[in-house]
Amino acid sequence: MPFKKLLSTFTRELQDAAQMLGGSSNGGGASPGFSSLFGLNLNSLSSPAIPQSPTPCPRQQPQANHHDWIGLPHPQFATFNVCPTCYHNLIRPTPYANSFVTKGPHTGYPPNTPVRCDMSRYWVRVAGMVLLTMNQNGRHDITLLARVAATRAQDGDCPNSQLAGEHQPLAVARRPAWYTLRDPHTGAQPLPGWTVCASCVLNVQACCPAIAAAFAPLPGQGLPPPGQQQQQQQQQWEGSCAMVPSDLYDDARTGAMLQQIGACAVTAQMTGRVDMSQLVNWLQANPPAPRGGGAGYSSTHAGGQPPHAGGNGLCPRGYPSTSLRCHTMQGIFDLTVCEQCYAEVVKPDAEKGVELARRFDPTPAVMPSGFTCQLYSPRMRQVWSHAAAAGDLALLQAKVSERRAKERELQMKRTQLQQQAAQLREQAKLQEHLAVNAMRVSANAASNNIMIAGIGGGYRIDANTIAVPSGVPDFSQTTQLNNQAAMLKVQAAGVEDQIRMAEEEWKRYWE
Ligand SMILES: [Zn+2]
Ligand SMILES: [Zn+2]
Ligand SMILES: [Zn+2]
């Protein structure tokens, strides 16, 4: 279990740190020495007893109409929801158990909204590990879980968040920026080909604030230079994320990377200096396994060409890629297959002389209009193996066109909903902006009124006048605007949930 390994490494780091600090913990609540941390005898545990759920979370998929949600009391975290199973298995054995309250049916969402258990999210579980193992200085409190659960990158979840196993190639996606390591002191980028998505960066930064400054967009990406107007259509770059924060399995390599990042964070906390060389050394010493050869490769580097012809470890999955190359099939034009999936699925069949496989063009080509891969999902690989074994071109054709139609439908729906959510978030931002202005105006008016009253000019105050200029600022407009902003945000979250549900349905029935 990578999480266990993660814990044991963090524990070791903390023990080293404790020794370096002369065996005393630096305040913040941890008892002297770390050996008795949270009642666990960490010294003797080579695979520590992190509260592992004996049963997987039963509410990883959003569900409506539960009346037994558990969460945190502060209204700011009203939408942080934990199912009883996860609470009993993961939280109750920890010192944080008492921070939680029973929320019953109150999920912070409108009634009957399907809600997912936040403890089933990858980064929330990582945050839990941080609390249990890396919080000796008391920098974090339990709200870290809720804050990480609410962390959403503007450009979406990690493209790898839906990978089902280590055999699946990393996903390729278009994003406004890909991030890499940058030395905040020198500006040097030790690994420009190693790229991470915005969502993973935000979550790592939330969990390890000490090394937050270590990440920066690849040169030329990210926000436009100051003074230059944000273009209407933000530029997008094709690339991939080196991390796999999948909810479906624990990716060992990602766990190992997080171990290294955790170690860098511990060092940074102690020295006050961000130094990621431990992670850099580890990445250089441990090139990705052949999922493979290009894990974390970004096509905006390496001149837009995948590093290895024929299986570069990257698959665009549902994202229309314009820079990767694909194989096409004679007879079924819609059946586009990336180089990686071709190498894994079609090529071996072609070598065995399977007729359908031999209809594929063995030379991959770039599709200027973009292509999605049709052979990465277990479902379609099964369809392929049936059709290939039976030589059934018609079956393959039917399945592919059915899937393509659904894929287009999802893409259109997703684009439309994403625009809608972005608009709502934009409006919310505007309302918040107006609220700040209104607050300033009210405060100014109040202080002006005080001055006017003070110098006695302008207003004649008599007993029959109700509109007495008062020195108490009237913030009702501010409150109203803030409420509107909050409502717009809830609406945006609702639209984002619709996107997630559409993707859920796609995964369950069509992918
Ligand atoms: Zn749960
Ligand atoms: Zn990512
Ligand atoms: Zn593929």
# chains A, B, ... in the order shown; residues from 1 in each chain; ligands from 1
>>> residues_around(residues="Arg500 of chain A", least_positions_apart="4", cutoff="12 Å", atoms="only C-alpha atoms", output="PyMOL selection string")
chain A and resi 61-62+114-116+156-157+162+410+413-414+417-418+493-496+504-507
>>> closest_atom_pairs(of="chain A", to="ligand 1", cutoff="6 Å", atoms="only C-alpha atoms and all ligand atoms", output="tab-separated table")
residue	atom	partner	partner_atom_place_in_ligand_line	distance
A:Cys57	CA	ligand 1	1 (Zn)	4.0
A:Pro58	CA	ligand 1	1 (Zn)	5.9
A:Arg59	CA	ligand 1	1 (Zn)	5.3
A:Val82	CA	ligand 1	1 (Zn)	5.6
A:Cys83	CA	ligand 1	1 (Zn)	4.3
A:Thr85	CA	ligand 1	1 (Zn)	5.7
A:Cys86	CA	ligand 1	1 (Zn)	4.2
A:Cys117	CA	ligand 1	1 (Zn)	4.6
A:Met119	CA	ligand 1	1 (Zn)	5.3
A:Ser120	CA	ligand 1	1 (Zn)	5.4
>>> residues_near_ligand(ligand="ligand 3", cutoff="8 Å", atoms="only C-alpha atoms and all ligand atoms", output="VMD selection string")
chain A and resid 169 314 to 317 337 to 342 372 to 376
>>> residues_near_ligand(ligand="ligand 2", cutoff="8 Å", atoms="only C-alpha atoms and all ligand atoms", output="number ranges by chain")
A: 157-161, 196-201, 240-245
>>> write_last_selection(atoms="N, CA and C atoms", output="PDB file, in the first residue's frame")
ATOM      1  N   ASP A 157     -10.010  19.010 -13.010  1.00  0.00           N
ATOM      2  CA  ASP A 157      -9.301  17.976 -12.265  1.00  0.00           C
ATOM      3  C   ASP A 157      -8.073  17.517 -13.040  1.00  0.00           C
ATOM      4  N   CYS A 158      -7.209  16.796 -12.329  1.00  0.00           N
ATOM      5  CA  CYS A 158      -6.051  16.196 -12.994  1.00  0.00           C
ATOM      6  C   CYS A 158      -6.540  15.271 -14.113  1.00  0.00           C
ATOM      7  N   PRO A 159      -5.932  15.373 -15.290  1.00  0.00           N
ATOM      8  CA  PRO A 159      -6.382  14.484 -16.373  1.00  0.00           C
ATOM      9  C   PRO A 159      -6.191  13.007 -16.039  1.00  0.00           C
ATOM     10  N   ASN A 160      -5.343  12.714 -15.060  1.00  0.00           N
ATOM     11  CA  ASN A 160      -5.104  11.306 -14.693  1.00  0.00           C
ATOM     12  C   ASN A 160      -6.033  10.819 -13.593  1.00  0.00           C
ATOM     13  N   SER A 161      -6.975  11.669 -13.150  1.00  0.00           N
ATOM     14  CA  SER A 161      -7.737  11.282 -11.961  1.00  0.00           C
ATOM     15  C   SER A 161      -8.652  10.098 -12.230  1.00  0.00           C
ATOM     16  N   VAL A 196       3.394  18.904 -14.270  1.00  0.00           N
ATOM     17  CA  VAL A 196       2.303  18.566 -13.365  1.00  0.00           C
ATOM     18  C   VAL A 196       1.156  19.521 -13.659  1.00  0.00           C
ATOM     19  N   CYS A 197      -0.068  19.039 -13.471  1.00  0.00           N
ATOM     20  CA  CYS A 197      -1.224  19.893 -13.772  1.00  0.00           C
ATOM     21  C   CYS A 197      -1.499  20.877 -12.625  1.00  0.00           C
ATOM     22  N   ALA A 198      -2.307  21.874 -12.906  1.00  0.00           N
ATOM     23  CA  ALA A 198      -2.620  22.907 -11.906  1.00  0.00           C
ATOM     24  C   ALA A 198      -3.302  22.309 -10.684  1.00  0.00           C
ATOM     25  N   SER A 199      -4.180  21.344 -10.902  1.00  0.00           N
ATOM     26  CA  SER A 199      -4.908  20.749  -9.783  1.00  0.00           C
ATOM     27  C   SER A 199      -3.939  20.051  -8.821  1.00  0.00           C
ATOM     28  N   CYS A 200      -3.001  19.269  -9.364  1.00  0.00           N
ATOM     29  CA  CYS A 200      -2.038  18.574  -8.491  1.00  0.00           C
ATOM     30  C   CYS A 200      -1.166  19.600  -7.758  1.00  0.00           C
ATOM     31  N   VAL A 201      -0.755  20.661  -8.462  1.00  0.00           N
ATOM     32  CA  VAL A 201       0.075  21.680  -7.816  1.00  0.00           C
ATOM     33  C   VAL A 201      -0.685  22.321  -6.647  1.00  0.00           C
ATOM     34  N   SER A 240       0.874  16.592 -20.232  1.00  0.00           N
ATOM     35  CA  SER A 240       0.394  15.553 -19.332  1.00  0.00           C
ATOM     36  C   SER A 240       0.953  15.794 -17.938  1.00  0.00           C
ATOM     37  N   CYS A 241       0.299  15.165 -16.969  1.00  0.00           N
ATOM     38  CA  CYS A 241       0.679  15.344 -15.568  1.00  0.00           C
ATOM     39  C   CYS A 241       1.459  14.120 -15.098  1.00  0.00           C
ATOM     40  N   ALA A 242       2.550  14.379 -14.371  1.00  0.00           N
ATOM     41  CA  ALA A 242       3.391  13.277 -13.899  1.00  0.00           C
ATOM     42  C   ALA A 242       2.759  12.556 -12.716  1.00  0.00           C
ATOM     43  N   MET A 243       1.733  13.148 -12.114  1.00  0.00           N
ATOM     44  CA  MET A 243       1.114  12.505 -10.964  1.00  0.00           C
ATOM     45  C   MET A 243      -0.188  11.835 -11.372  1.00  0.00           C
ATOM     46  N   VAL A 244      -0.541  10.790 -10.648  1.00  0.00           N
ATOM     47  CA  VAL A 244      -1.795  10.092 -10.912  1.00  0.00           C
ATOM     48  C   VAL A 244      -2.607  10.061  -9.618  1.00  0.00           C
ATOM     49  N   PRO A 245      -3.353  11.148  -9.361  1.00  0.00           N
ATOM     50  CA  PRO A 245      -4.156  11.177  -8.137  1.00  0.00           C
ATOM     51  C   PRO A 245      -5.478  10.457  -8.361  1.00  0.00           C
TER      52      PRO A 245
END
>>> residues_around(residues="Val383 of chain A", least_positions_apart="4", cutoff="12 Å", atoms="only C-alpha atoms", output="ChimeraX atom specification")
/A:345,374-379,387-400,403,510-511
>>> write_last_selection(atoms="C-alpha atoms", output="PDB file, in the first residue's frame")
ATOM      1  CA  VAL A 345      -3.557  -3.908 -28.504  1.00  0.00           C
ATOM      2  CA  GLN A 374     -10.946   4.667 -29.065  1.00  0.00           C
ATOM      3  CA  LEU A 375      -9.037   1.735 -27.616  1.00  0.00           C
ATOM      4  CA  TYR A 376      -7.900   2.677 -24.115  1.00  0.00           C
ATOM      5  CA  SER A 377     -10.913   1.590 -22.072  1.00  0.00           C
ATOM      6  CA  PRO A 378     -11.316  -1.996 -20.895  1.00  0.00           C
ATOM      7  CA  ARG A 379     -14.762  -1.965 -22.524  1.00  0.00           C
ATOM      8  CA  ALA A 387     -14.450  -8.473 -33.071  1.00  0.00           C
ATOM      9  CA  ALA A 388     -10.854  -9.380 -33.919  1.00  0.00           C
ATOM     10  CA  ALA A 389     -11.337 -13.025 -32.916  1.00  0.00           C
ATOM     11  CA  ALA A 390     -14.559 -13.316 -34.938  1.00  0.00           C
ATOM     12  CA  GLY A 391     -13.364 -11.103 -37.802  1.00  0.00           C
ATOM     13  CA  ASP A 392     -16.555  -9.141 -37.224  1.00  0.00           C
ATOM     14  CA  LEU A 393     -16.059  -5.751 -38.844  1.00  0.00           C
ATOM     15  CA  ALA A 394     -19.752  -4.869 -38.531  1.00  0.00           C
ATOM     16  CA  LEU A 395     -19.748  -5.366 -34.751  1.00  0.00           C
ATOM     17  CA  LEU A 396     -16.696  -3.199 -34.360  1.00  0.00           C
ATOM     18  CA  GLN A 397     -18.147  -0.517 -36.588  1.00  0.00           C
ATOM     19  CA  ALA A 398     -21.452  -0.466 -34.704  1.00  0.00           C
ATOM     20  CA  LYS A 399     -19.776  -0.198 -31.321  1.00  0.00           C
ATOM     21  CA  VAL A 400     -17.356   2.484 -32.441  1.00  0.00           C
ATOM     22  CA  ARG A 403     -19.471   5.303 -28.722  1.00  0.00           C
ATOM     23  CA  TRP A 510     -20.039   4.128 -22.747  1.00  0.00           C
ATOM     24  CA  GLU A 511     -16.368   4.710 -22.186  1.00  0.00           C
TER      25      GLU A 511
END
>>> residues_around(residues="Asp68 of chain A", least_positions_apart="3", cutoff="9 Å", atoms="only C-alpha atoms", output="short mmCIF file (atom, residue, chain, number, x, y, z; two decimals) with N, CA and C atoms, in the first residue's frame")
data_model
loop_
_atom_site.label_atom_id
_atom_site.label_comp_id
_atom_site.auth_asym_id
_atom_site.auth_seq_id
_atom_site.Cartn_x
_atom_site.Cartn_y
_atom_site.Cartn_z
N CYS A 83 -18.86 10.17 5.08
CA CYS A 83 -19.83 9.11 5.35
C CYS A 83 -19.47 8.43 6.67
N PRO A 84 -20.44 7.82 7.35
CA PRO A 84 -20.16 7.17 8.63
C PRO A 84 -19.06 6.10 8.53
N THR A 102 -22.14 15.56 13.80
CA THR A 102 -23.13 14.91 12.94
C THR A 102 -23.93 15.99 12.23
N LYS A 103 -23.97 15.92 10.90
CA LYS A 103 -24.71 16.93 10.14
C LYS A 103 -26.07 16.42 9.70
N GLY A 104 -26.28 15.13 9.82
CA GLY A 104 -27.55 14.56 9.37
C GLY A 104 -27.71 14.75 7.88
N PRO A 105 -28.87 15.24 7.45
CA PRO A 105 -29.11 15.39 6.00
C PRO A 105 -28.51 16.68 5.44
N HIS A 106 -27.90 17.52 6.30
CA HIS A 106 -27.47 18.83 5.84
C HIS A 106 -26.08 18.75 5.20
#
>>> select_by_dssp(residues="segment 170-287 of chain A", states="strand (DSSP E)", output="list in words")
Leu170, Ala171, Val172, Ala173, Arg174, Arg175, Tyr179, Thr180, Leu181, Phe215, Ala216, Pro217, Trp237, Glu238, Gly239 and Ser240 of chain A
>>> atom_distance(atom1="atom CA of Phe475 of chain A", atom2="atom CA of Leu424 of chain A")
23.9 Å
>>> closest_residue(among="A:Ala64, A:Ile142, A:Asp118, A:Phe360", to="Thr94 of chain A", atoms="only C-alpha atoms")
A:Ile142
>>> atom_distance(atom1="atom CA of Tyr319 of chain A", atom2="atom CA of Val172 of chain A")
6.9 Å
>>> atom_distance(atom1="atom CA of Ala285 of chain A", atom2="atom CA of Thr267 of chain A")
20.2 Å
>>> select_by_dssp(residues="segment 63-178 of chain A", states="helix (DSSP H, G or I)", output="number ranges by chain")
A: 75-77, 84-91, 97-99, 118-120, 122-133, 143-149
